[in-house]
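Let me begin by presenting the structure, written as structure tokens, before commenting on it.
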Amino acid sequence: MCFSASSSFIASAVIGSIGVATLRHVREPRALLFASVPMLFAVHQFSEGFVWLGLDRHIDKLALDHVAFLFMLYAQGILPLLMPAAVVLMEPPGWRRKAILGLTAVGALVCVWDVYGLIFFPSQVFVEQNSIAYRNPLTGDFWISCLYIIATCGALLLSTHRVVKAYGVVNVIALTVAQIVKEYAFASVWCFYAAIMSVMIYWQFKRLNIDIETPNGASPNLRPFLLAWLRPGRSALVGTD
């Protein structure tokens, strides 16, 4: 995220709370990965807080290298596979599911390429205009970046679920703004905005707007909450609070 370590840690705490709240409302195993997105972004922001600490010389160079690697691993390696995989798990049979499966394969290719680049090629991380810039000679390839965007945003936009598609639209808007305004710190800025917008995921799970069996509707027979242990003292069968 832009600005400072404290900003990243505060954002992580807020988004993490939203992540826990989102997981409390999951009723379908196939929706669990998508519902985990806010929590994963919270951990991601937490790691960038330590990147800031390293750049400010509050932790040593070795620790900085490790946390920067973790940040880039999620942003560039895991995310292009995780997002289409999370979407395809919720998708009903049909041409959209087949298309998203194809995008998941594209995301897997990008994942392998970027992880290879992060492991075997030196990365750079530095502050530029109050934002963190991440550089790697392999992961920064133009065509790989295009495939990255197609896999992550394309899967969201193809989803049958209107709320998932809406999340894709706002991500494309944020991606475009980040590219225009802060291209030099694109990974950091876009991931921050994507994390903030994951609040949408919580709201839709809370309102029962993500139903695997009844896309864009709500099944008359609600399943028990999947992670009932996150709801101490509450019924695992009913309720949307």
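In the structure tokens, chains take letters A, B, ... by order of appearance, with residues numbered from 1 within each chain and ligands from 1 in the order shown.
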
Enumerate as a PyMOL selection string all residues of range 126-197 of chain A assigned to helix (DSSP H, G or I) by DSSP on the backbone, naming them with the chain letters and numbers the document uses.
chain A and resi 142-158+162-181+183-197

Which polymer residues have any atom within 8 Å of an atom of Ile100 in chain A, counting only C-alpha atoms, with same-chain residues fewer than 5 positions away left out, as an NGL selection string?
:A and (84 or 87-88 or 154-155 or 158-159)

Could you take the residues named above and write them with N, CA and C atoms, as a compact mmCIF listing (two decimals), in the first residue's frame?
# COMPACT_ATOMS: atom_id res chain seq x y z
N PRO A 84 -9.21 -17.11 -10.69
CA PRO A 84 -10.07 -17.91 -11.56
C PRO A 84 -10.46 -19.24 -10.94
N VAL A 87 -13.40 -18.64 -8.71
CA VAL A 87 -14.62 -18.38 -9.49
C VAL A 87 -15.16 -19.66 -10.11
N VAL A 88 -14.28 -20.47 -10.67
CA VAL A 88 -14.75 -21.68 -11.37
C VAL A 88 -15.37 -22.67 -10.40
N GLY A 154 -10.70 -11.53 -16.15
CA GLY A 154 -11.58 -12.21 -17.11
C GLY A 154 -12.47 -13.23 -16.44
N ALA A 155 -11.92 -13.98 -15.49
CA ALA A 155 -12.73 -14.98 -14.79
C ALA A 155 -13.86 -14.33 -14.01
N LEU A 158 -16.63 -13.13 -16.39
CA LEU A 158 -17.39 -14.20 -17.05
C LEU A 158 -18.34 -14.92 -16.10
N SER A 159 -18.22 -14.67 -14.82
CA SER A 159 -19.02 -15.41 -13.84
C SER A 159 -20.52 -15.23 -14.06

Test item: residues at most 9 Å from Glu48 in chain A, only C-alpha atoms, excluding those fewer than 5 positions along its chain, as an MDAnalysis selection string
chainID A and resid 1 5 8:9 43 53 67:68 70:71 132 188

From the list A:Val164, A:Leu101, A:Ile59, A:Ala187, the nearest residue to Gly77 in chain A using only C-alpha atoms is A:Ala187

Can you list, as a ChimeraX atom specification, every protein, DNA or RNA residue that comes within 9 Å of Ser123 in chain A when you count only C-alpha atoms, leaving out same-chain residues fewer than 5 positions away?
/A:65,68-69,117-118,134-137

With N, CA and C atoms kept, could you save the residues just selected as a PDB file, in the first residue's frame?
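Result saved to selection10.pdb:
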ATOM      1  N   ASP A  65      14.175  -8.900   2.303  1.00  0.00           N
ATOM      2  CA  ASP A  65      14.142  -9.747   1.107  1.00  0.00           C
ATOM      3  C   ASP A  65      13.069 -10.822   1.222  1.00  0.00           C
ATOM      4  N   ALA A  68       9.478  -9.162   1.082  1.00  0.00           N
ATOM      5  CA  ALA A  68       9.230  -8.677  -0.277  1.00  0.00           C
ATOM      6  C   ALA A  68       8.936  -9.846  -1.206  1.00  0.00           C
ATOM      7  N   PHE A  69       9.657 -10.950  -1.017  1.00  0.00           N
ATOM      8  CA  PHE A  69       9.396 -12.149  -1.816  1.00  0.00           C
ATOM      9  C   PHE A  69       7.978 -12.660  -1.565  1.00  0.00           C
ATOM     10  N   GLY A 117      10.346 -16.932 -12.037  1.00  0.00           N
ATOM     11  CA  GLY A 117      11.074 -15.667 -12.098  1.00  0.00           C
ATOM     12  C   GLY A 117      11.455 -15.145 -10.726  1.00  0.00           C
ATOM     13  N   LEU A 118      10.538 -15.270  -9.765  1.00  0.00           N
ATOM     14  CA  LEU A 118      10.809 -14.769  -8.418  1.00  0.00           C
ATOM     15  C   LEU A 118      11.886 -15.583  -7.708  1.00  0.00           C
ATOM     16  N   TYR A 134       7.903  -2.685  -7.067  1.00  0.00           N
ATOM     17  CA  TYR A 134       8.482  -4.030  -7.108  1.00  0.00           C
ATOM     18  C   TYR A 134       8.909  -4.320  -8.546  1.00  0.00           C
ATOM     19  N   ARG A 135      10.125  -4.815  -8.707  1.00  0.00           N
ATOM     20  CA  ARG A 135      10.637  -5.084 -10.045  1.00  0.00           C
ATOM     21  C   ARG A 135      11.264  -6.473 -10.108  1.00  0.00           C
ATOM     22  N   ASN A 136      10.939  -7.188 -11.183  1.00  0.00           N
ATOM     23  CA  ASN A 136      11.571  -8.469 -11.477  1.00  0.00           C
ATOM     24  C   ASN A 136      11.641  -8.601 -12.992  1.00  0.00           C
ATOM     25  N   PRO A 137      12.792  -8.952 -13.548  1.00  0.00           N
ATOM     26  CA  PRO A 137      12.937  -8.959 -15.007  1.00  0.00           C
ATOM     27  C   PRO A 137      12.040  -9.959 -15.719  1.00  0.00           C
TER      28      PRO A 137
END

If you run DSSP on the backbone here, which positions in range 74-241 of chain A get strand (DSSP E or B)? Please write them as a ChimeraX atom specification.
/A:124-128,131-135

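Proximity of A:Arg24, A:Lys98, A:His66, A:His44 to Phe192 in chain A, computed with only C-alpha atoms, is greatest for A:His44.
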
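Nearest residue to Met83 in chain A, choosing from A:Ala13, A:Val106, A:Leu156, A:Ala166 and counting only C-alpha atoms: A:Leu156.
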
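Across the structure, CA of Ala151 in chain A and CA of Pro93 in chain A are spaced 19.1 Å apart.
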
Within 10 Å of Ala133 in chain A using only C-alpha atoms, minus same-chain residues under 2 positions, as an NGL selection string
:A and (2 or 124-131 or 135 or 182-189)

Residues just named, written with C-alpha atoms as a PDB file, in the first residue's frame:
ATOM      1  CA  CYS A   2       1.002   3.652  -0.371  1.00  0.00           C
ATOM      2  CA  GLN A 124      14.176  -5.121  -6.565  1.00  0.00           C
ATOM      3  CA  VAL A 125      11.963  -3.267  -4.123  1.00  0.00           C
ATOM      4  CA  PHE A 126      12.204   0.439  -3.423  1.00  0.00           C
ATOM      5  CA  VAL A 127      10.144   3.517  -2.568  1.00  0.00           C
ATOM      6  CA  GLU A 128       9.094   5.781  -5.405  1.00  0.00           C
ATOM      7  CA  GLN A 129       6.851   8.793  -4.786  1.00  0.00           C
ATOM      8  CA  ASN A 130       5.525   7.475  -1.459  1.00  0.00           C
ATOM      9  CA  SER A 131       4.668   4.062  -2.893  1.00  0.00           C
ATOM     10  CA  ARG A 135      10.637  -5.084 -10.045  1.00  0.00           C
ATOM     11  CA  LYS A 182       0.814   4.990 -10.362  1.00  0.00           C
ATOM     12  CA  GLU A 183       2.195   2.696 -13.044  1.00  0.00           C
ATOM     13  CA  TYR A 184       5.576   2.632 -11.282  1.00  0.00           C
ATOM     14  CA  ALA A 185       3.987   1.018  -8.193  1.00  0.00           C
ATOM     15  CA  PHE A 186       1.231  -0.896  -9.948  1.00  0.00           C
ATOM     16  CA  ALA A 187       1.420  -4.157  -7.950  1.00  0.00           C
ATOM     17  CA  SER A 188       1.269  -2.416  -4.596  1.00  0.00           C
ATOM     18  CA  VAL A 189      -1.486   0.044  -5.471  1.00  0.00           C
TER      19      VAL A 189
END

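With CA of Arg96 in chain A on one side and CA of Leu82 in chain A on the other, the separation reads 17.4 Å.
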
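Once Val110 in chain A and its same-chain neighbours fewer than 5 positions away are set aside, Gly77, Pro80, Leu81, Ile144, Leu147 and Tyr148 of chain A remain within 8 Å of it when counting only C-alpha atoms.
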
Contacts of Asn171 in chain A at 8 Å or less, counting only C-alpha atoms, minus same-chain residues fewer than 4 places along, as a PyMOL selection string?
chain A and resi 153+167+175+193-194+197

Nearest candidate to Leu40 in chain A (options A:Pro224, A:Gly54, A:Pro92, A:Gly16; using only C-alpha atoms)
A:Gly16

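In this structure, CA of Ala63 in chain A sits 26.5 Å away from CA of Gly19 in chain A.
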
Minimum-distance residue to Cys191 in chain A, chosen among A:Phe205, A:Phe120, A:Ala178, A:Val115 (using only C-alpha atoms)
A:Ala178
